[in-house]
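**Student:** So here's final_30.cif (mmCIF, C-alpha atoms).
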data_protein
loop_
_atom_site.label_atom_id
_atom_site.label_comp_id
_atom_site.auth_asym_id
_atom_site.auth_seq_id
_atom_site.Cartn_x
_atom_site.Cartn_y
_atom_site.Cartn_z
CA MET A 26 0.00 0.00 0.00
CA ALA A 27 2.81 2.37 0.86
CA ASP A 28 4.39 1.71 -2.54
CA VAL A 29 1.19 2.75 -4.27
CA GLU A 30 1.04 5.99 -2.33
CA VAL A 31 4.65 6.78 -3.09
CA LYS A 32 4.17 6.01 -6.76
CA PHE A 33 1.09 8.19 -6.91
CA TYR A 34 2.99 11.01 -5.28
CA LEU A 35 5.92 10.70 -7.67
CA ASP A 36 3.65 10.55 -10.71
CA HIS A 37 1.89 13.67 -9.52
CA VAL A 38 5.18 15.49 -9.04
CA GLN A 39 6.42 14.32 -12.41
CA VAL A 40 3.36 15.72 -14.15
CA VAL A 41 3.73 19.06 -12.38
CA VAL A 42 7.44 19.22 -13.22
CA GLU A 43 6.72 18.46 -16.87
CA GLU A 44 4.22 21.32 -16.96
CA ALA A 45 6.77 23.63 -15.39
CA THR A 46 9.48 22.50 -17.80
CA GLU A 47 7.27 23.20 -20.79
CA LYS A 48 6.51 26.66 -19.43
CA VAL A 49 10.22 27.31 -18.82
CA LEU A 50 11.22 26.15 -22.27
CA LYS A 51 8.45 28.15 -23.93
CA GLU A 52 9.69 31.29 -22.19
CA LEU A 53 13.25 30.40 -23.16
CA ALA A 54 12.18 30.11 -26.81
CA PHE A 55 10.69 33.62 -26.69
CA ARG A 56 13.89 34.92 -25.09
CA ILE A 57 16.05 33.31 -27.78
CA GLN A 58 13.83 34.83 -30.47
CA GLU A 59 14.28 38.31 -28.97
CA ARG A 60 18.04 37.90 -28.63
CA ALA A 61 18.43 36.51 -32.14
CA GLN A 62 16.54 39.49 -33.52
CA ALA A 63 18.75 41.85 -31.51
CA ASN A 64 21.86 40.06 -32.77
CA ILE A 65 20.72 40.42 -36.39
CA ARG A 66 20.32 44.16 -35.90
CA ASP A 67 23.63 44.46 -34.02
CA ASN A 68 25.39 42.48 -36.78
CA ASP A 69 23.93 44.80 -39.42
CA GLN A 70 22.31 41.83 -41.16
CA VAL A 71 19.08 43.65 -41.96
CA ASP A 72 18.35 44.45 -45.58
CA THR A 73 14.58 44.37 -45.98
CA GLY A 74 13.69 43.21 -42.46
CA PHE A 75 12.25 39.96 -43.74
CA MET A 76 14.67 37.63 -41.98
CA VAL A 77 14.65 39.43 -38.65
CA ASN A 78 10.86 39.36 -38.54
CA SER A 79 10.61 35.76 -39.74
CA ILE A 80 11.92 34.29 -36.46
CA TYR A 81 9.27 32.59 -34.36
CA PRO A 82 9.05 30.36 -31.30
CA VAL A 83 7.33 26.98 -31.40
CA TRP A 84 5.96 25.17 -28.38
CA LYS A 85 3.85 22.07 -27.70
CA ASP A 86 0.45 23.50 -28.58
CA GLY A 87 1.22 26.60 -30.56
CA SER A 88 3.68 28.87 -32.29
CA GLY A 89 4.34 32.44 -33.28
CA TYR A 90 4.28 31.52 -36.97
CA ASN A 91 1.26 33.55 -38.12
CA GLU A 92 2.43 36.73 -36.43
CA ALA A 93 5.98 36.32 -37.78
CA GLN A 94 4.73 35.60 -41.29
CA ALA A 95 2.50 38.68 -41.26
CA GLN A 96 5.33 40.89 -40.02
CA ALA A 97 7.99 39.48 -42.32
CA GLU A 98 5.99 39.44 -45.54
CA LYS A 99 4.86 43.04 -45.17
CA MET A 100 8.45 44.26 -45.51
CA THR A 101 8.50 46.08 -48.85
CA THR A 102 11.73 48.10 -49.05
CA ASP A 103 15.40 47.17 -48.92
CA ARG A 104 18.09 49.30 -47.29
CA LYS A 105 18.73 51.08 -50.60
CA GLY A 106 15.10 52.10 -50.84
CA ARG A 107 14.21 49.65 -53.58
CA SER A 108 10.84 47.95 -53.58
CA VAL A 109 10.74 44.26 -52.72
CA ASP A 110 7.89 41.79 -52.61
CA HIS A 111 8.17 39.16 -49.88
CA ALA A 112 4.62 37.86 -50.24
CA GLY A 113 4.78 34.07 -50.04
CA ASP A 114 8.49 34.02 -49.09
CA MET A 115 7.97 32.66 -45.58
CA ALA A 116 8.86 28.97 -45.38
CA ALA A 117 6.11 26.61 -44.25
CA GLU A 118 5.57 26.31 -40.52
CA GLU A 119 7.96 23.90 -38.84
CA ASN A 120 6.49 21.34 -36.51
CA LEU A 121 8.12 20.66 -33.21
CA PRO A 122 9.95 17.32 -33.12
CA SER A 123 8.18 14.84 -30.87
CA ASP A 124 11.04 14.83 -28.36
CA ALA A 125 11.21 18.63 -28.03
CA ALA A 126 9.18 20.90 -25.75
CA ALA A 127 9.94 24.19 -27.54
CA GLY A 128 12.03 25.57 -30.36
CA VAL A 129 12.97 28.63 -32.37
CA VAL A 130 12.66 28.76 -36.16
CA VAL A 131 13.85 31.25 -38.76
CA GLY A 132 11.31 31.37 -41.59
CA ALA A 133 13.67 32.98 -44.10
CA SER A 134 15.09 30.17 -46.22
CA TYR A 135 18.43 31.97 -46.71
CA ALA A 136 18.99 32.40 -42.96
CA ILE A 137 21.39 29.46 -42.80
CA TYR A 138 23.84 31.36 -45.03
CA GLN A 139 23.63 34.41 -42.79
CA GLU A 140 24.06 32.23 -39.71
CA ALA A 141 27.12 30.56 -41.27
CA VAL A 142 28.84 33.88 -41.98
CA MET A 143 27.76 35.78 -38.88
CA PRO A 144 25.97 33.64 -36.31
CA PHE A 145 22.96 35.26 -34.67
CA LEU A 146 20.88 32.29 -33.53
CA TYR A 147 23.50 30.14 -31.82
CA PRO A 148 24.87 33.00 -29.69
CA ALA A 149 21.29 33.95 -28.82
CA ALA A 150 20.57 30.42 -27.61
CA GLU A 151 23.78 30.28 -25.60
CA ALA A 152 23.23 33.64 -23.95
CA ALA A 153 19.55 33.09 -23.24
CA ALA A 154 20.20 29.66 -21.75
CA ALA A 155 22.95 31.04 -19.55
CA GLU A 156 20.84 33.86 -18.15
CA PHE A 157 17.73 31.76 -17.79
CA GLY A 158 18.67 29.77 -14.72
CA ALA A 159 17.34 32.28 -12.20
CA GLN A 160 14.13 32.87 -14.16
CA ALA A 161 13.57 29.14 -14.52
CA GLU A 162 13.81 28.84 -10.75
CA ARG A 163 11.13 31.54 -10.38
CA ILE A 164 8.81 29.66 -12.73
CA TYR A 165 9.41 26.38 -10.95
CA ARG A 166 8.55 28.06 -7.66
CA GLU A 167 5.29 29.37 -9.11
CA VAL A 168 4.27 25.97 -10.44
CA LEU A 169 5.66 23.89 -7.60
CA PRO A 170 4.27 25.43 -4.40
CA ASP A 171 6.87 25.59 -1.67
CA GLU A 172 4.70 24.10 1.06
CA GLY A 173 7.51 24.29 3.56
CA ALA A 174 7.63 28.06 3.18
CA GLU A 175 4.21 28.40 4.84
CA ASP A 176 5.64 27.05 8.07
CA HIS A 177 8.04 29.97 8.45
CA MET B 9 43.50 32.53 -21.43
CA ILE B 10 43.46 29.69 -23.91
CA ASP B 11 43.45 30.75 -27.56
CA VAL B 12 41.01 28.08 -28.68
CA GLU B 13 41.20 29.01 -32.35
CA ALA B 14 45.00 28.73 -32.31
CA GLU B 15 44.75 25.35 -30.59
CA VAL B 16 42.24 24.08 -33.14
CA ARG B 17 44.40 25.35 -36.03
CA LYS B 18 47.43 23.64 -34.51
CA LEU B 19 45.54 20.38 -34.09
CA LEU B 20 44.17 20.41 -37.65
CA GLY B 21 47.74 20.71 -38.94
CA THR B 22 48.62 17.40 -37.26
CA LEU B 23 45.73 15.35 -38.68
CA ALA B 24 46.70 13.17 -41.64
CA GLY B 25 43.19 12.88 -43.08
CA VAL B 26 42.61 16.62 -42.93
CA THR B 27 45.96 17.30 -44.58
CA ALA B 28 45.23 14.75 -47.31
CA ALA B 29 41.83 16.28 -47.99
CA PHE B 30 42.62 19.97 -47.78
CA GLY B 31 46.41 20.31 -48.10
CA THR B 32 47.41 23.76 -46.91
CA ARG B 33 43.98 25.21 -47.70
CA VAL B 34 42.83 25.36 -44.08
CA TYR B 35 41.56 28.79 -43.13
CA PHE B 36 39.75 30.51 -40.28
CA GLY B 37 37.38 33.44 -40.60
CA ARG B 38 34.08 34.52 -42.09
CA SER B 39 35.09 34.02 -45.72
CA LEU B 40 37.62 32.26 -47.89
CA PRO B 41 40.77 34.18 -48.73
CA PRO B 42 40.66 36.28 -51.91
CA GLY B 43 41.94 34.35 -54.89
CA TYR B 44 40.84 30.91 -53.72
CA ARG B 45 38.89 28.93 -56.27
CA VAL B 46 37.50 25.43 -55.77
CA GLU B 47 39.44 24.23 -58.84
CA GLN B 48 42.59 24.55 -56.68
CA GLY B 49 41.32 21.77 -54.40
CA ALA B 50 39.10 21.38 -51.38
CA ALA B 51 39.32 24.06 -48.71
CA LEU B 52 38.35 24.07 -45.05
CA LEU B 53 37.00 27.25 -43.50
CA GLY B 54 36.60 27.23 -39.72
CA MET B 55 35.01 29.80 -37.48
CA LEU B 56 34.43 29.96 -33.73
CA ARG B 57 30.73 30.58 -33.15
CA GLY B 58 30.40 30.38 -29.39
CA GLY B 59 31.39 28.74 -26.16
CA GLY B 60 33.08 29.88 -23.01
CA GLN B 61 34.95 29.09 -19.87
CA GLU B 62 33.91 25.92 -18.09
CA TYR B 63 34.29 25.61 -14.31
CA HIS B 64 37.65 27.40 -14.30
CA SER B 65 40.03 29.28 -16.54
CA LYS B 66 41.97 26.15 -17.48
CA LEU B 67 39.07 24.57 -19.32
CA TRP B 68 37.21 26.07 -22.27
CA ARG B 69 34.41 24.77 -24.46
CA ALA B 70 34.14 26.07 -28.00
CA SER B 71 31.63 25.47 -30.77
CA VAL B 72 33.46 25.58 -34.08
CA GLN B 73 31.75 25.74 -37.44
CA PHE B 74 33.47 24.19 -40.46
CA ARG B 75 32.66 24.71 -44.12
CA CYS B 76 34.23 22.12 -46.44
CA TYR B 77 34.40 23.53 -49.98
CA ALA B 78 35.16 21.50 -53.11
CA ALA B 79 34.52 21.53 -56.83
CA SER B 80 31.65 19.04 -56.68
CA GLU B 81 29.05 17.96 -54.17
CA SER B 82 30.56 14.49 -53.89
CA ALA B 83 34.04 15.94 -53.32
CA ALA B 84 32.67 18.30 -50.66
CA ARG B 85 30.99 15.37 -48.90
CA ALA B 86 34.19 13.31 -49.08
CA ALA B 87 36.21 16.18 -47.61
CA ALA B 88 33.65 16.61 -44.82
CA ARG B 89 33.85 12.91 -44.04
CA ALA B 90 37.63 13.14 -43.79
CA LEU B 91 37.24 16.00 -41.33
CA TYR B 92 34.71 14.04 -39.27
CA ASP B 93 36.82 10.88 -39.27
CA ASP B 94 39.83 12.79 -37.97
CA LEU B 95 38.02 14.95 -35.42
CA ASN B 96 35.04 13.15 -33.92
CA ASP B 97 35.74 11.44 -30.59
CA THR B 98 39.36 12.50 -30.84
CA GLN B 99 41.52 13.43 -27.91
CA ALA B 100 44.73 15.31 -28.38
CA ARG B 101 47.24 17.22 -26.35
CA GLY B 102 45.39 20.27 -25.09
CA MET B 103 41.99 18.91 -26.14
CA ALA B 104 39.99 16.90 -23.60
CA TYR B 105 37.45 15.91 -26.21
CA ILE B 106 36.20 16.79 -29.66
CA ARG B 107 32.78 15.75 -30.90
CA MET B 108 30.31 16.63 -33.60
CA GLU B 109 27.81 18.93 -31.94
CA ASP B 110 24.70 17.20 -30.61
CA GLY B 111 21.64 17.55 -32.81
CA THR B 112 23.56 18.58 -35.90
CA LEU B 113 24.38 16.72 -39.07
CA PRO B 114 26.69 17.86 -41.87
CA THR B 115 24.58 19.78 -44.36
CA LEU B 116 25.31 20.22 -48.07
CA LEU B 117 24.80 23.80 -49.26
CA ASN B 118 25.84 26.00 -52.15
CA GLU B 119 27.64 29.29 -51.61
CA PRO B 120 25.45 32.19 -52.70
CA GLY B 121 27.15 34.05 -55.52
CA THR B 122 29.72 31.43 -56.59
CA ASN B 123 27.39 28.44 -56.23
CA TRP B 124 30.35 26.41 -54.91
CA PRO B 125 29.18 23.37 -52.96
CA TYR B 126 30.18 23.08 -49.35
CA VAL B 127 29.29 20.95 -46.36
CA LEU B 128 28.49 22.80 -43.14
CA SER B 129 29.21 21.02 -39.87
CA TYR B 130 29.70 21.89 -36.22
CA PHE B 131 32.06 20.43 -33.63
CA VAL B 132 32.51 21.00 -29.92
CA PHE B 133 36.07 21.29 -28.63
CA GLN B 134 36.93 21.19 -24.97
CA ALA B 135 40.34 22.79 -24.67
CA GLN B 136 42.60 22.48 -21.61
CA ASP B 137 45.33 24.84 -20.61
CA LEU B 138 48.17 22.40 -19.93
#
Can you dump the structure from the file as structure tokens?
**Tutor:**
Amino acid sequence: MADVEVKFYLDHVQVVVEEATEKVLKELAFRIQERAQANIRDNDQVDTGFMVNSIYPVWKDGSGYNEAQAQAEKMTTDRKGRSVDHAGDMAAEENLPSDAAAGVVVGASYAIYQEAVMPFLYPAAEAAAAEFGAQAERIYREVLPDEGAEDH
Amino acid sequence: MIDVEAEVRKLLGTLAGVTAAFGTRVYFGRSLPPGYRVEQGAALLGMLRGGGQEYHSKLWRASVQFRCYAASESAARAAARALYDDLNDTQARGMAYIRMEDGTLPTLLNEPGTNWPYVLSYFVFQAQDL
């Protein structure tokens, strides 16, 4: 009987932790998106603004694809003032791999060439992950009530 | 402070497979040197893309991107395989480990402008200050 109770308790905790982890990783994906966009601007990699606006986070039950597509495809002028038409240029929405809880996608198909010459996404992921420890702890505390704290 | 790029360059110069595949055409930076053409033979272009100090100043982790250029797609793939065979799971003086970066696979691309084929791959180096 004790085993059953323990197992139930652990299963319950596991479910709660998984929910918290998904929330943490979703927030991390948004943070990486913001940093990647900042890196693109800092690196002077903006021509029309299509690529910088085409970055979107993906999580278990949603994504920022539609918003990114709308923003990216409405860019109509390059840095020399010439007209461009990006309608239909956004790559199809990427699905999250089954073993991932969140991700960040660049919808501009040529982004890999920009990343290879002047990385903006990898440094964003590294920096966001490094700074995220404290914020992850805050989220875990919100989702996992610290019952012991009520005693003090 | 460990100069990871210098250590990686030094290591590449000692690897027989890399030397056979690329000769002296091993470069570091954002772009190939002016005057290089793929007809001269395969070229390797490395670039540090991230990493940092681990635990203490004697141990550094670096993510290094490699572009393996060649005159044909098959030659670029062969050159990239030679790089992988020499680097992956290798230990060397000053390098605790070297591995292809998790979640990445070598990717065949064509250089915008020249259309030269190249294979893009990423490796993690853990460098020690001996």
**Student:** Can you work out which one of A:Met76, A:Val49, A:Val142, A:Ala93 has the shortest atom-to-atom distance to A:Ala61, counting all atoms listed in the file?
**Tutor:**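 Of all the options, A:Met76 lies closest to A:Ala61.
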**Student:** Which neighbours of stretch 103-113 of chain B fall inside 10 Å, counting all atoms listed in the file, when residues of the same chain fewer than 2 positions from it are skipped, and could you give them as number ranges by chain?
**Tutor:** B: 12, 15-16, 19, 67-73, 92, 94-101, 115-116, 127-138
**Student:** Running the PyMOL selection byres ((chain B) within 10 of (chain A)) on this model by hand, what would come out? Give it as a PyMOL selection string.
**Tutor:** chain B and resi 37-39+55-60+71+73-75+117-120+128-129
**Student:** Could you take the residues named above and write them with C-alpha atoms, as an mmCIF file, keeping the file's coordinate frame?
**Tutor:**
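Result went into selection34.cif, see below:
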data_model
loop_
_atom_site.group_PDB
_atom_site.id
_atom_site.type_symbol
_atom_site.label_atom_id
_atom_site.label_comp_id
_atom_site.auth_asym_id
_atom_site.auth_seq_id
_atom_site.Cartn_x
_atom_site.Cartn_y
_atom_site.Cartn_z
ATOM 1 C CA GLY B 37 37.380 33.440 -40.600
ATOM 2 C CA ARG B 38 34.080 34.520 -42.090
ATOM 3 C CA SER B 39 35.090 34.020 -45.720
ATOM 4 C CA MET B 55 35.010 29.800 -37.480
ATOM 5 C CA LEU B 56 34.430 29.960 -33.730
ATOM 6 C CA ARG B 57 30.730 30.580 -33.150
ATOM 7 C CA GLY B 58 30.400 30.380 -29.390
ATOM 8 C CA GLY B 59 31.390 28.740 -26.160
ATOM 9 C CA GLY B 60 33.080 29.880 -23.010
ATOM 10 C CA SER B 71 31.630 25.470 -30.770
ATOM 11 C CA GLN B 73 31.750 25.740 -37.440
ATOM 12 C CA PHE B 74 33.470 24.190 -40.460
ATOM 13 C CA ARG B 75 32.660 24.710 -44.120
ATOM 14 C CA LEU B 117 24.800 23.800 -49.260
ATOM 15 C CA ASN B 118 25.840 26.000 -52.150
ATOM 16 C CA GLU B 119 27.640 29.290 -51.610
ATOM 17 C CA PRO B 120 25.450 32.190 -52.700
ATOM 18 C CA LEU B 128 28.490 22.800 -43.140
ATOM 19 C CA SER B 129 29.210 21.020 -39.870
#
**Student:** Any idea what's packed within 12 Å of B:Ala84, counting only C-alpha atoms, ignoring anything in its chain fewer than 2 positions away? Could you give it as a PyMOL selection string?
**Tutor:** chain B and resi 29-30+46+49-52+74-82+86-91+114-118+124-129
**Student:** Interatomic distance between atom CA of A:Ala133 and atom CA of A:Ala97?
**Tutor:**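 A separation of 8.8 Å between them.
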**Student:** Running the PyMOL selection byres ((chain A and resi 78) around 9) on this model by hand, what would come out? Give it as number ranges by chain.
**Tutor:** A: 62, 74-77, 79-81, 93-98, 100, 131-133
**Student:** Which one is closest to B:Arg17: B:Arg45, B:Gly31, B:Gly54, B:Arg85? Count all atoms listed in the file.
**Tutor:**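 When distances to B:Arg17 are compared using all atoms listed in the file, the smallest one comes from B:Gly54.
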